[in-house]
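Q: Just one file: entry.pdb, with PDB, C-alpha atoms and all ligand atoms.
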ATOM      1  CA  MET A   1      12.457  17.455  -7.757  1.00  0.00           C
ATOM      2  CA  SER A   2      10.170  17.417  -4.705  1.00  0.00           C
ATOM      3  CA  ILE A   3       8.128  14.517  -3.397  1.00  0.00           C
ATOM      4  CA  ALA A   4       5.617  14.594  -0.550  1.00  0.00           C
ATOM      5  CA  VAL A   5       2.666  12.792   1.014  1.00  0.00           C
ATOM      6  CA  ASP A   6      -0.669  14.132   2.202  1.00  0.00           C
ATOM      7  CA  ASN A   7      -3.932  12.748   3.550  1.00  0.00           C
ATOM      8  CA  VAL A   8      -6.756  11.550   1.354  1.00  0.00           C
ATOM      9  CA  VAL A   9      -9.882  13.669   1.827  1.00  0.00           C
ATOM     10  CA  ALA A  10     -13.239  13.953   0.034  1.00  0.00           C
ATOM     11  CA  ASN A  11     -11.817  16.546  -2.389  1.00  0.00           C
ATOM     12  CA  ASN A  12      -8.915  14.419  -3.647  1.00  0.00           C
ATOM     13  CA  VAL A  13     -10.093  10.815  -3.300  1.00  0.00           C
ATOM     14  CA  ALA A  14     -10.905  10.773  -7.040  1.00  0.00           C
ATOM     15  CA  MET A  15      -7.135  11.032  -7.646  1.00  0.00           C
ATOM     16  CA  LEU A  16      -6.558   7.866  -5.619  1.00  0.00           C
ATOM     17  CA  ARG A  17      -9.096   6.098  -7.818  1.00  0.00           C
ATOM     18  CA  CYS A  18      -7.429   7.359 -11.036  1.00  0.00           C
ATOM     19  CA  ILE A  19      -3.995   6.247  -9.820  1.00  0.00           C
ATOM     20  CA  ASN A  20      -5.183   2.785  -8.747  1.00  0.00           C
ATOM     21  CA  GLU A  21      -7.131   2.225 -11.961  1.00  0.00           C
ATOM     22  CA  ARG A  22      -4.107   3.114 -14.087  1.00  0.00           C
ATOM     23  CA  SER A  23      -1.580   1.184 -11.998  1.00  0.00           C
ATOM     24  CA  LEU A  24      -3.173  -1.981 -10.588  1.00  0.00           C
ATOM     25  CA  PRO A  25      -4.683  -5.052 -12.295  1.00  0.00           C
ATOM     26  CA  VAL A  26      -7.462  -5.304  -9.676  1.00  0.00           C
ATOM     27  CA  LYS A  27     -10.398  -2.892  -9.403  1.00  0.00           C
ATOM     28  CA  PHE A  28     -11.780  -1.560  -6.146  1.00  0.00           C
ATOM     29  CA  ASP A  29     -15.453  -0.675  -5.666  1.00  0.00           C
ATOM     30  CA  ALA A  30     -17.034   2.601  -4.526  1.00  0.00           C
ATOM     31  CA  LYS A  31     -17.021   1.410  -0.901  1.00  0.00           C
ATOM     32  CA  PHE A  32     -13.218   1.165  -0.988  1.00  0.00           C
ATOM     33  CA  TYR A  33     -12.971   4.860  -1.904  1.00  0.00           C
ATOM     34  CA  GLU A  34     -15.651   5.928   0.601  1.00  0.00           C
ATOM     35  CA  GLY A  35     -13.653   4.019   3.229  1.00  0.00           C
ATOM     36  CA  ALA A  36     -10.447   5.713   2.056  1.00  0.00           C
ATOM     37  CA  VAL A  37     -11.768   9.117   3.154  1.00  0.00           C
ATOM     38  CA  GLU A  38     -12.908   7.706   6.498  1.00  0.00           C
ATOM     39  CA  ALA A  39      -9.564   5.915   7.009  1.00  0.00           C
ATOM     40  CA  LYS A  40      -7.827   9.294   7.688  1.00  0.00           C
ATOM     41  CA  ASP A  41      -4.281   8.470   8.885  1.00  0.00           C
ATOM     42  CA  LEU A  42      -4.384   5.104   7.103  1.00  0.00           C
ATOM     43  CA  CYS A  43      -4.657   6.529   3.598  1.00  0.00           C
ATOM     44  CA  TYR A  44      -2.319   8.903   1.716  1.00  0.00           C
ATOM     45  CA  LEU A  45      -1.560  10.340  -1.679  1.00  0.00           C
ATOM     46  CA  GLY A  46       2.013  10.707  -2.908  1.00  0.00           C
ATOM     47  CA  PHE A  47       2.960  13.861  -4.841  1.00  0.00           C
ATOM     48  CA  TYR A  48       5.651  14.616  -7.424  1.00  0.00           C
ATOM     49  CA  GLU A  49       6.114  18.381  -7.777  1.00  0.00           C
ATOM     50  CA  GLU A  50       2.647  18.766  -6.169  1.00  0.00           C
ATOM     51  CA  ILE A  51       1.007  16.433  -8.715  1.00  0.00           C
ATOM     52  CA  PRO A  52      -0.768  13.436  -7.105  1.00  0.00           C
ATOM     53  CA  VAL A  53       0.856  10.344  -8.670  1.00  0.00           C
ATOM     54  CA  GLY A  54       0.765   7.655  -5.984  1.00  0.00           C
ATOM     55  CA  GLY A  55      -1.450   6.371  -3.214  1.00  0.00           C
ATOM     56  CA  ILE A  56      -1.652   3.970  -0.311  1.00  0.00           C
ATOM     57  CA  ARG A  57      -4.695   2.727   1.566  1.00  0.00           C
ATOM     58  CA  CYS A  58      -4.451   0.593   4.705  1.00  0.00           C
ATOM     59  CA  GLU A  59      -6.725  -0.750   7.404  1.00  0.00           C
ATOM     60  CA  LEU A  60      -6.142  -1.899  10.955  1.00  0.00           C
ATOM     61  CA  VAL A  61      -7.076  -5.534  11.435  1.00  0.00           C
ATOM     62  CA  MET A  62      -7.760  -6.751  14.966  1.00  0.00           C
ATOM     63  CA  PRO A  63      -7.416 -10.433  15.810  1.00  0.00           C
ATOM     64  CA  GLU A  64     -10.706 -12.347  15.790  1.00  0.00           C
ATOM     65  CA  GLY A  65     -12.712 -12.060  18.982  1.00  0.00           C
ATOM     66  CA  ALA A  66     -10.541  -9.200  20.258  1.00  0.00           C
ATOM     67  CA  LYS A  67     -12.468  -6.112  19.133  1.00  0.00           C
ATOM     68  CA  ASN A  68     -11.304  -3.986  22.028  1.00  0.00           C
ATOM     69  CA  ALA A  69      -7.768  -5.298  22.058  1.00  0.00           C
ATOM     70  CA  ASP A  70      -4.992  -2.746  22.237  1.00  0.00           C
ATOM     71  CA  ASN A  71      -3.137  -1.993  19.019  1.00  0.00           C
ATOM     72  CA  ALA A  72      -0.194  -4.212  19.965  1.00  0.00           C
ATOM     73  CA  ALA A  73      -2.291  -7.162  18.764  1.00  0.00           C
ATOM     74  CA  ALA A  74      -3.435  -5.415  15.579  1.00  0.00           C
ATOM     75  CA  LYS A  75      -1.939  -5.641  12.093  1.00  0.00           C
ATOM     76  CA  LEU A  76      -1.784  -2.892   9.544  1.00  0.00           C
ATOM     77  CA  TYR A  77      -2.989  -4.328   6.258  1.00  0.00           C
ATOM     78  CA  ILE A  78      -1.977  -2.522   3.041  1.00  0.00           C
ATOM     79  CA  MET A  79      -5.041  -2.772   0.797  1.00  0.00           C
ATOM     80  CA  SER A  80      -3.417  -0.892  -2.087  1.00  0.00           C
ATOM     81  CA  LEU A  81      -0.120   0.790  -2.879  1.00  0.00           C
ATOM     82  CA  ALA A  82       0.472   2.151  -6.363  1.00  0.00           C
ATOM     83  CA  VAL A  83       2.453   4.806  -8.213  1.00  0.00           C
ATOM     84  CA  LEU A  84       1.629   5.827 -11.784  1.00  0.00           C
ATOM     85  CA  PRO A  85       4.101   4.101 -14.156  1.00  0.00           C
ATOM     86  CA  ALA A  86       5.573   7.379 -15.456  1.00  0.00           C
ATOM     87  CA  TYR A  87       6.423   8.526 -11.920  1.00  0.00           C
ATOM     88  CA  ARG A  88       8.039   5.360 -10.556  1.00  0.00           C
ATOM     89  CA  ARG A  89      11.660   5.164  -9.336  1.00  0.00           C
ATOM     90  CA  HIS A  90      11.571   8.618  -7.741  1.00  0.00           C
ATOM     91  CA  GLY A  91      11.144   7.336  -4.181  1.00  0.00           C
ATOM     92  CA  ILE A  92       7.381   7.986  -3.955  1.00  0.00           C
ATOM     93  CA  GLY A  93       6.472   4.344  -3.194  1.00  0.00           C
ATOM     94  CA  SER A  94       9.143   4.252  -0.473  1.00  0.00           C
ATOM     95  CA  LEU A  95       7.895   7.542   0.979  1.00  0.00           C
ATOM     96  CA  LEU A  96       4.291   6.248   1.141  1.00  0.00           C
ATOM     97  CA  LEU A  97       5.482   3.057   2.823  1.00  0.00           C
ATOM     98  CA  SER A  98       7.631   4.944   5.322  1.00  0.00           C
ATOM     99  CA  LYS A  99       4.620   7.131   6.186  1.00  0.00           C
ATOM    100  CA  VAL A 100       2.578   4.080   7.197  1.00  0.00           C
ATOM    101  CA  VAL A 101       5.559   2.615   9.097  1.00  0.00           C
ATOM    102  CA  GLU A 102       5.616   5.900  11.049  1.00  0.00           C
ATOM    103  CA  VAL A 103       1.843   5.603  11.695  1.00  0.00           C
ATOM    104  CA  CYS A 104       2.390   2.029  12.977  1.00  0.00           C
ATOM    105  CA  ARG A 105       5.010   3.284  15.413  1.00  0.00           C
ATOM    106  CA  GLU A 106       2.654   6.029  16.645  1.00  0.00           C
ATOM    107  CA  LYS A 107      -0.189   3.539  17.082  1.00  0.00           C
ATOM    108  CA  LYS A 108       2.110   0.883  18.567  1.00  0.00           C
ATOM    109  CA  VAL A 109       1.202  -1.580  15.822  1.00  0.00           C
ATOM    110  CA  HIS A 110       4.002  -4.077  15.223  1.00  0.00           C
ATOM    111  CA  GLU A 111       3.166  -5.812  11.963  1.00  0.00           C
ATOM    112  CA  ILE A 112       2.393  -4.727   8.394  1.00  0.00           C
ATOM    113  CA  VAL A 113       0.811  -7.240   6.003  1.00  0.00           C
ATOM    114  CA  ILE A 114       0.285  -7.122   2.249  1.00  0.00           C
ATOM    115  CA  HIS A 115      -0.904  -9.589  -0.374  1.00  0.00           C
ATOM    116  CA  VAL A 116       0.895  -9.448  -3.721  1.00  0.00           C
ATOM    117  CA  SER A 117       0.173 -11.540  -6.820  1.00  0.00           C
ATOM    118  CA  VAL A 118       2.767 -14.314  -7.069  1.00  0.00           C
ATOM    119  CA  GLU A 119       3.245 -13.195 -10.688  1.00  0.00           C
ATOM    120  CA  ASN A 120       4.167  -9.623  -9.702  1.00  0.00           C
ATOM    121  CA  GLU A 121       7.888 -10.333  -9.367  1.00  0.00           C
ATOM    122  CA  ASP A 122       8.905  -6.661  -9.386  1.00  0.00           C
ATOM    123  CA  ALA A 123       6.576  -5.800  -6.500  1.00  0.00           C
ATOM    124  CA  LEU A 124       7.639  -8.910  -4.545  1.00  0.00           C
ATOM    125  CA  ALA A 125      11.298  -7.892  -4.895  1.00  0.00           C
ATOM    126  CA  TRP A 126      10.442  -4.286  -3.996  1.00  0.00           C
ATOM    127  CA  TYR A 127       8.740  -5.299  -0.725  1.00  0.00           C
ATOM    128  CA  LYS A 128      11.406  -7.858   0.212  1.00  0.00           C
ATOM    129  CA  LYS A 129      14.075  -5.192  -0.223  1.00  0.00           C
ATOM    130  CA  ARG A 130      12.129  -3.101   2.270  1.00  0.00           C
ATOM    131  CA  GLY A 131      12.051  -5.696   5.041  1.00  0.00           C
ATOM    132  CA  PHE A 132       8.977  -7.762   4.144  1.00  0.00           C
ATOM    133  CA  GLU A 133       9.217 -11.551   4.401  1.00  0.00           C
ATOM    134  CA  GLN A 134       6.960 -13.969   2.595  1.00  0.00           C
ATOM    135  CA  THR A 135       5.122 -16.059   5.186  1.00  0.00           C
ATOM    136  CA  GLY A 136       2.883 -18.053   2.845  1.00  0.00           C
ATOM    137  CA  THR A 137       0.575 -18.045  -0.160  1.00  0.00           C
ATOM    138  CA  LEU A 138      -3.206 -17.863  -0.550  1.00  0.00           C
ATOM    139  CA  GLU A 139      -4.992 -19.730  -3.363  1.00  0.00           C
ATOM    140  CA  GLY A 140      -8.085 -18.087  -4.866  1.00  0.00           C
ATOM    141  CA  TYR A 141      -7.282 -14.611  -3.518  1.00  0.00           C
ATOM    142  CA  TYR A 142      -7.284 -12.606  -6.777  1.00  0.00           C
ATOM    143  CA  LYS A 143     -10.690 -13.534  -8.185  1.00  0.00           C
ATOM    144  CA  GLN A 144     -10.270 -10.947 -10.997  1.00  0.00           C
ATOM    145  CA  LEU A 145      -6.929 -12.399 -12.250  1.00  0.00           C
ATOM    146  CA  SER A 146      -6.178 -15.587 -14.203  1.00  0.00           C
ATOM    147  CA  ASN A 147      -3.599 -16.621 -11.581  1.00  0.00           C
ATOM    148  CA  THR A 148      -5.504 -16.165  -8.304  1.00  0.00           C
ATOM    149  CA  LYS A 149      -2.572 -16.968  -6.011  1.00  0.00           C
ATOM    150  CA  ALA A 150      -1.287 -14.284  -3.621  1.00  0.00           C
ATOM    151  CA  ALA A 151       1.955 -14.168  -1.680  1.00  0.00           C
ATOM    152  CA  VAL A 152       1.489 -13.046   1.935  1.00  0.00           C
ATOM    153  CA  LEU A 153       4.226 -10.612   2.940  1.00  0.00           C
ATOM    154  CA  VAL A 154       4.835  -9.434   6.496  1.00  0.00           C
ATOM    155  CA  LYS A 155       7.080  -6.699   7.905  1.00  0.00           C
ATOM    156  CA  LYS A 156       7.789  -6.322  11.616  1.00  0.00           C
ATOM    157  CA  VAL A 157       7.930  -2.717  12.800  1.00  0.00           C
TER     158      VAL A 157
HETATM  159  C1  LIG A 201       5.828  -1.100  -6.222  1.00  0.00           C
HETATM  160  C2  LIG A 201       5.665   0.414  -6.484  1.00  0.00           C
HETATM  161  C3  LIG A 201       4.571   0.961  -5.577  1.00  0.00           C
HETATM  162  C4  LIG A 201       6.991   1.121  -6.184  1.00  0.00           C
HETATM  163  O1  LIG A 201       6.812   2.542  -6.375  1.00  0.00           O
HETATM  164  P1  LIG A 201       8.046   3.535  -6.724  1.00  0.00           P
HETATM  165  O2  LIG A 201       7.574   4.911  -6.496  1.00  0.00           O
HETATM  166  O3  LIG A 201       8.605   3.196  -8.047  1.00  0.00           O
HETATM  167  O4  LIG A 201       9.074   3.094  -5.580  1.00  0.00           O
HETATM  168  P2  LIG A 201      10.504   3.754  -5.253  1.00  0.00           P
HETATM  169  O5  LIG A 201      10.822   4.829  -6.232  1.00  0.00           O
HETATM  170  O6  LIG A 201      10.504   4.094  -3.837  1.00  0.00           O
HETATM  171  O7  LIG A 201      11.454   2.518  -5.480  1.00  0.00           O
HETATM  172  C5  LIG A 201      11.678   2.018  -6.799  1.00  0.00           C
HETATM  173  C6  LIG A 201      13.132   1.995  -7.141  1.00  0.00           C
HETATM  174  O8  LIG A 201      13.567   3.314  -7.448  1.00  0.00           O
HETATM  175  C7  LIG A 201      14.754   3.602  -6.742  1.00  0.00           C
HETATM  176  N1  LIG A 201      14.735   5.017  -6.394  1.00  0.00           N
HETATM  177  C8  LIG A 201      14.303   5.572  -5.264  1.00  0.00           C
HETATM  178  N2  LIG A 201      14.460   6.903  -5.288  1.00  0.00           N
HETATM  179  C9  LIG A 201      14.982   7.181  -6.484  1.00  0.00           C
HETATM  180  C10 LIG A 201      15.351   8.379  -7.116  1.00  0.00           C
HETATM  181  N3  LIG A 201      15.209   9.562  -6.517  1.00  0.00           N
HETATM  182  N4  LIG A 201      15.800   8.282  -8.379  1.00  0.00           N
HETATM  183  C11 LIG A 201      15.930   7.087  -8.998  1.00  0.00           C
HETATM  184  N5  LIG A 201      15.605   5.906  -8.424  1.00  0.00           N
HETATM  185  C12 LIG A 201      15.141   5.972  -7.192  1.00  0.00           C
HETATM  186  C13 LIG A 201      14.684   2.762  -5.514  1.00  0.00           C
HETATM  187  O9  LIG A 201      15.981   2.500  -5.035  1.00  0.00           O
HETATM  188  C14 LIG A 201      13.979   1.531  -5.997  1.00  0.00           C
HETATM  189  O10 LIG A 201      14.854   0.574  -6.495  1.00  0.00           O
HETATM  190  P3  LIG A 201      15.027  -0.785  -5.699  1.00  0.00           P
HETATM  191  O11 LIG A 201      13.662  -1.386  -5.484  1.00  0.00           O
HETATM  192  O12 LIG A 201      15.887  -1.582  -6.587  1.00  0.00           O
HETATM  193  O13 LIG A 201      15.622  -0.364  -4.405  1.00  0.00           O
HETATM  194  C15 LIG A 201       5.328   0.691  -7.974  1.00  0.00           C
HETATM  195  O14 LIG A 201       6.284   0.039  -8.778  1.00  0.00           O
HETATM  196  C16 LIG A 201       3.946   0.261  -8.407  1.00  0.00           C
HETATM  197  O15 LIG A 201       2.990   1.016  -8.288  1.00  0.00           O
HETATM  198  N6  LIG A 201       3.824  -0.959  -8.960  1.00  0.00           N
HETATM  199  C17 LIG A 201       2.570  -1.448  -9.485  1.00  0.00           C
HETATM  200  C18 LIG A 201       1.576  -1.674  -8.417  1.00  0.00           C
HETATM  201  C19 LIG A 201       1.950  -2.789  -7.518  1.00  0.00           C
HETATM  202  O16 LIG A 201       2.451  -3.806  -7.984  1.00  0.00           O
HETATM  203  N7  LIG A 201       1.689  -2.622  -6.220  1.00  0.00           N
HETATM  204  C20 LIG A 201       1.997  -3.635  -5.235  1.00  0.00           C
HETATM  205  C21 LIG A 201       0.866  -4.530  -4.933  1.00  0.00           C
HETATM  206  S1  LIG A 201      -0.471  -3.682  -4.105  1.00  0.00           S
END
Could I get this structure in the form of structure tokens?

A:
Amino acid sequence: MSIAVDNVVANNVAMLRCINERSLPVKFDAKFYEGAVEAKDLCYLGFYEEIPVGGIRCELVMPEGAKNADNAAAKLYIMSLAVLPAYRRHGIGSLLLSKVVEVCREKKVHEIVIHVSVENEDALAWYKKRGFEQTGTLEGYYKQLSNTKAAVLVKKV
């Protein structure tokens, strides 16, 4: 069994869309996938035996009013992380996360943030096991879901 990660490019971004649409309750628009190609080292596919089965897309968020701040003040926000149900529990989610932790270290970014539905207990447990701490909740975050509340999870790197 071999697992690997690789960059998202114009030729494979459709796979990221397929994976997200089959794995996540929220839908992302065309702009999200256009941005995924432009995001370069902030967006990856995860492979099982060379088949693309997982994906992560992140963005760097600078503090307000600090556009030219150095990366030490920035946060890496995980916009999506998903693995197709049939390919879970093979370490692909962990590999995608460790790739972006590595990118944070290279860019000298010290914090990773993700929002997770408060109802997604499995994902909450998964992130907490990997060093994320819940710092709060956001009401009205998931406009497409019946329970709109998101947990805010933060990992120091
Ligand atoms: C959360 C998610 C990304 C995890 O992906 P994954 O590929 O299953 O993650 P991993 O395989 O790394 O970890 C899952 C479990 O498998 C175990 N595992 C890792 N490698 C393994 C292997 N080779 N064989 C068997 N089990 C393994 C891990 O120990 C882990 O168990 P733990 O959490 O109790 O430690 C995936 O479940 C998912 O897509 N969920 C739906 C989308 C979602 O909720 N996303 C989060 C909000 S954006």

Q: Where does chain A meet ligand LIG 201 (chain A) within 10 Å, residue by residue, with the nearest atom pair and distance in Å to one decimal for each, counting only C-alpha atoms and all ligand atoms, listed by chain and rising number, as JSON lines?

A:
{"residue": "A:Met1", "atom": "CA", "partner": "A:LIG201", "partner_atom": "N3", "distance": 8.5}
{"residue": "A:Ser2", "atom": "CA", "partner": "A:LIG201", "partner_atom": "N3", "distance": 9.5}
{"residue": "A:Ile3", "atom": "CA", "partner": "A:LIG201", "partner_atom": "N3", "distance": 9.2}
{"residue": "A:Ile19", "atom": "CA", "partner": "A:LIG201", "partner_atom": "O15", "distance": 8.9}
{"residue": "A:Asn20", "atom": "CA", "partner": "A:LIG201", "partner_atom": "C18", "distance": 8.1}
{"residue": "A:Arg22", "atom": "CA", "partner": "A:LIG201", "partner_atom": "C17", "distance": 9.3}
{"residue": "A:Ser23", "atom": "CA", "partner": "A:LIG201", "partner_atom": "C17", "distance": 5.5}
{"residue": "A:Leu24", "atom": "CA", "partner": "A:LIG201", "partner_atom": "C18", "distance": 5.2}
{"residue": "A:Pro25", "atom": "CA", "partner": "A:LIG201", "partner_atom": "C18", "distance": 8.1}
{"residue": "A:Val26", "atom": "CA", "partner": "A:LIG201", "partner_atom": "S1", "distance": 9.1}
{"residue": "A:Gly46", "atom": "CA", "partner": "A:LIG201", "partner_atom": "O2", "distance": 8.8}
{"residue": "A:Tyr48", "atom": "CA", "partner": "A:LIG201", "partner_atom": "O2", "distance": 9.9}
{"residue": "A:Val53", "atom": "CA", "partner": "A:LIG201", "partner_atom": "O2", "distance": 8.9}
{"residue": "A:Gly54", "atom": "CA", "partner": "A:LIG201", "partner_atom": "O2", "distance": 7.4}
{"residue": "A:Gly55", "atom": "CA", "partner": "A:LIG201", "partner_atom": "C3", "distance": 8.4}
{"residue": "A:Ile56", "atom": "CA", "partner": "A:LIG201", "partner_atom": "S1", "distance": 8.6}
{"residue": "A:Arg57", "atom": "CA", "partner": "A:LIG201", "partner_atom": "S1", "distance": 9.5}
{"residue": "A:Ile78", "atom": "CA", "partner": "A:LIG201", "partner_atom": "S1", "distance": 7.4}
{"residue": "A:Met79", "atom": "CA", "partner": "A:LIG201", "partner_atom": "S1", "distance": 6.8}
{"residue": "A:Ser80", "atom": "CA", "partner": "A:LIG201", "partner_atom": "S1", "distance": 4.5}
{"residue": "A:Leu81", "atom": "CA", "partner": "A:LIG201", "partner_atom": "S1", "distance": 4.7}
{"residue": "A:Ala82", "atom": "CA", "partner": "A:LIG201", "partner_atom": "O15", "distance": 3.4}
{"residue": "A:Val83", "atom": "CA", "partner": "A:LIG201", "partner_atom": "O15", "distance": 3.8}
{"residue": "A:Leu84", "atom": "CA", "partner": "A:LIG201", "partner_atom": "O15", "distance": 6.1}
{"residue": "A:Pro85", "atom": "CA", "partner": "A:LIG201", "partner_atom": "O15", "distance": 6.7}
{"residue": "A:Ala86", "atom": "CA", "partner": "A:LIG201", "partner_atom": "O3", "distance": 9.0}
{"residue": "A:Tyr87", "atom": "CA", "partner": "A:LIG201", "partner_atom": "O2", "distance": 6.6}
{"residue": "A:Arg88", "atom": "CA", "partner": "A:LIG201", "partner_atom": "O3", "distance": 3.4}
{"residue": "A:Arg89", "atom": "CA", "partner": "A:LIG201", "partner_atom": "O5", "distance": 3.2}
{"residue": "A:His90", "atom": "CA", "partner": "A:LIG201", "partner_atom": "C10", "distance": 3.8}
{"residue": "A:Gly91", "atom": "CA", "partner": "A:LIG201", "partner_atom": "O5", "distance": 3.3}
{"residue": "A:Ile92", "atom": "CA", "partner": "A:LIG201", "partner_atom": "O2", "distance": 4.0}
{"residue": "A:Gly93", "atom": "CA", "partner": "A:LIG201", "partner_atom": "O2", "distance": 3.5}
{"residue": "A:Ser94", "atom": "CA", "partner": "A:LIG201", "partner_atom": "O6", "distance": 3.6}
{"residue": "A:Leu95", "atom": "CA", "partner": "A:LIG201", "partner_atom": "O6", "distance": 6.5}
{"residue": "A:Leu96", "atom": "CA", "partner": "A:LIG201", "partner_atom": "O6", "distance": 8.2}
{"residue": "A:Leu97", "atom": "CA", "partner": "A:LIG201", "partner_atom": "O6", "distance": 8.4}
{"residue": "A:Ser98", "atom": "CA", "partner": "A:LIG201", "partner_atom": "O6", "distance": 9.6}
{"residue": "A:Ile114", "atom": "CA", "partner": "A:LIG201", "partner_atom": "S1", "distance": 7.3}
{"residue": "A:His115", "atom": "CA", "partner": "A:LIG201", "partner_atom": "S1", "distance": 7.0}
{"residue": "A:Val116", "atom": "CA", "partner": "A:LIG201", "partner_atom": "C21", "distance": 5.1}
{"residue": "A:Ser117", "atom": "CA", "partner": "A:LIG201", "partner_atom": "C21", "distance": 7.3}
{"residue": "A:Glu119", "atom": "CA", "partner": "A:LIG201", "partner_atom": "O16", "distance": 9.8}
{"residue": "A:Asn120", "atom": "CA", "partner": "A:LIG201", "partner_atom": "O16", "distance": 6.3}
{"residue": "A:Glu121", "atom": "CA", "partner": "A:LIG201", "partner_atom": "O16", "distance": 8.6}
{"residue": "A:Asp122", "atom": "CA", "partner": "A:LIG201", "partner_atom": "C1", "distance": 7.1}
{"residue": "A:Ala123", "atom": "CA", "partner": "A:LIG201", "partner_atom": "C1", "distance": 4.8}
{"residue": "A:Leu124", "atom": "CA", "partner": "A:LIG201", "partner_atom": "C20", "distance": 7.8}
{"residue": "A:Ala125", "atom": "CA", "partner": "A:LIG201", "partner_atom": "O11", "distance": 6.9}
{"residue": "A:Trp126", "atom": "CA", "partner": "A:LIG201", "partner_atom": "O11", "distance": 4.6}
{"residue": "A:Tyr127", "atom": "CA", "partner": "A:LIG201", "partner_atom": "C1", "distance": 7.5}
{"residue": "A:Lys128", "atom": "CA", "partner": "A:LIG201", "partner_atom": "O11", "distance": 8.9}
{"residue": "A:Lys129", "atom": "CA", "partner": "A:LIG201", "partner_atom": "O11", "distance": 6.5}
{"residue": "A:Arg130", "atom": "CA", "partner": "A:LIG201", "partner_atom": "O13", "distance": 8.0}

Q: Take atom CA of Ile51 of chain A and atom CA of Lys99 of chain A and report the distance between them in Å, one decimal.

A: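 Distance reported for this atom pair: 17.9 Å.
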
Q: Can you measure atom CA of Lys107 of chain A to atom CA of Asn71 of chain A for me? One decimal in Å is fine.

A: 6.6 Å

Q: Find the residue from A:Cys104, A:Ala14, A:Ala73, A:Pro63 that sits nearest to Leu42 of chain A; use all atoms listed in the file when measuring.

A: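 Among A:Cys104, A:Ala14, A:Ala73, A:Pro63, it is A:Cys104 that comes nearest to Leu42 of chain A.
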
Q: For the PyMOL selection byres (((chain A and resi 145-147) around 10) and not hetatm), applied here, can you spell out every residue it catches as a list of chain:residue names?

A: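 When the PyMOL selection byres (((chain A and resi 145-147) around 10) and not hetatm) is applied to the shown file, the picked residues are A:Pro25, A:Val26, A:Ser117, A:Val118, A:Glu119, A:Glu139, A:Gly140, A:Tyr141, A:Tyr142, A:Lys143, A:Gln144, A:Thr148, A:Lys149, A:Ala150.
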
Q: Box in all listed atoms of segment 71-82 of chain A, axis-aligned, with 6 Å more on each side; write out centre and edge lengths in Å to one decimal as JSON.

A:
{"center_x": -2.3, "center_y": -2.5, "center_z": 6.8, "size_x": 17.5, "size_y": 21.3, "size_z": 38.3}

Q: Which distance in Å separates atom CA of Tyr44 of chain A and atom CA of Lys31 of chain A, to one decimal?

A: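 Rounded to one decimal, the two atoms are 16.7 Å apart.
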
Q: Which residues, named as in the file, does the PyMOL selection byres (((chain A and resi 135) around 6) and not hetatm) pick out? Answer as an MDAnalysis selection string.

A: chainID A and resid 134 136 152:153

Q: Residues picked by the PyMOL selection byres (((chain A and resi 76) around 10) and not hetatm) here, as JSON, numbers by chain?

A: {"A": [42, 58, 59, 60, 61, 62, 71, 74, 75, 77, 78, 79, 100, 101, 103, 104, 109, 110, 111, 112, 113, 114, 154, 155]}

Q: Which one is closest to Pro52 of chain A: A:Val9, A:Ala151, A:Val157, A:Met15? Count all atoms listed in the file.

A: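 Checking each of A:Val9, A:Ala151, A:Val157, A:Met15 against Pro52 of chain A, counting all atoms listed in the file, the winner is A:Met15.
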
Q: I'd like the contact shell of Ala30 of chain A - 12 Å cut-off, all atoms listed in the file, skipping same-chain residues fewer than 6 positions apart - returned as a PyMOL selection string.

A: chain A and resi 13-14+16-17+36-37

Q: For those residues, write C-alpha atoms to a file as a PDB file, in the frame of the given file.

A:
ATOM      1  CA  VAL A  13     -10.093  10.815  -3.300  1.00  0.00           C
ATOM      2  CA  ALA A  14     -10.905  10.773  -7.040  1.00  0.00           C
ATOM      3  CA  LEU A  16      -6.558   7.866  -5.619  1.00  0.00           C
ATOM      4  CA  ARG A  17      -9.096   6.098  -7.818  1.00  0.00           C
ATOM      5  CA  ALA A  36     -10.447   5.713   2.056  1.00  0.00           C
ATOM      6  CA  VAL A  37     -11.768   9.117   3.154  1.00  0.00           C
TER       7      VAL A  37
END

Q: Go through A:Ala72, A:Leu138, A:Ala39, A:Ala4 and flag the residue nearest Glu106 of chain A, using only C-alpha atoms for the distances.

A: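 For Glu106 of chain A, the nearest of the given residues is A:Ala72.
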
Q: Between A:Glu21, A:Arg105, A:Glu133, A:Asn7, which is the closest to Glu38 of chain A once you count all atoms listed in the file?

A: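 Of the candidates, the smallest distance to Glu38 of chain A is held by A:Asn7.
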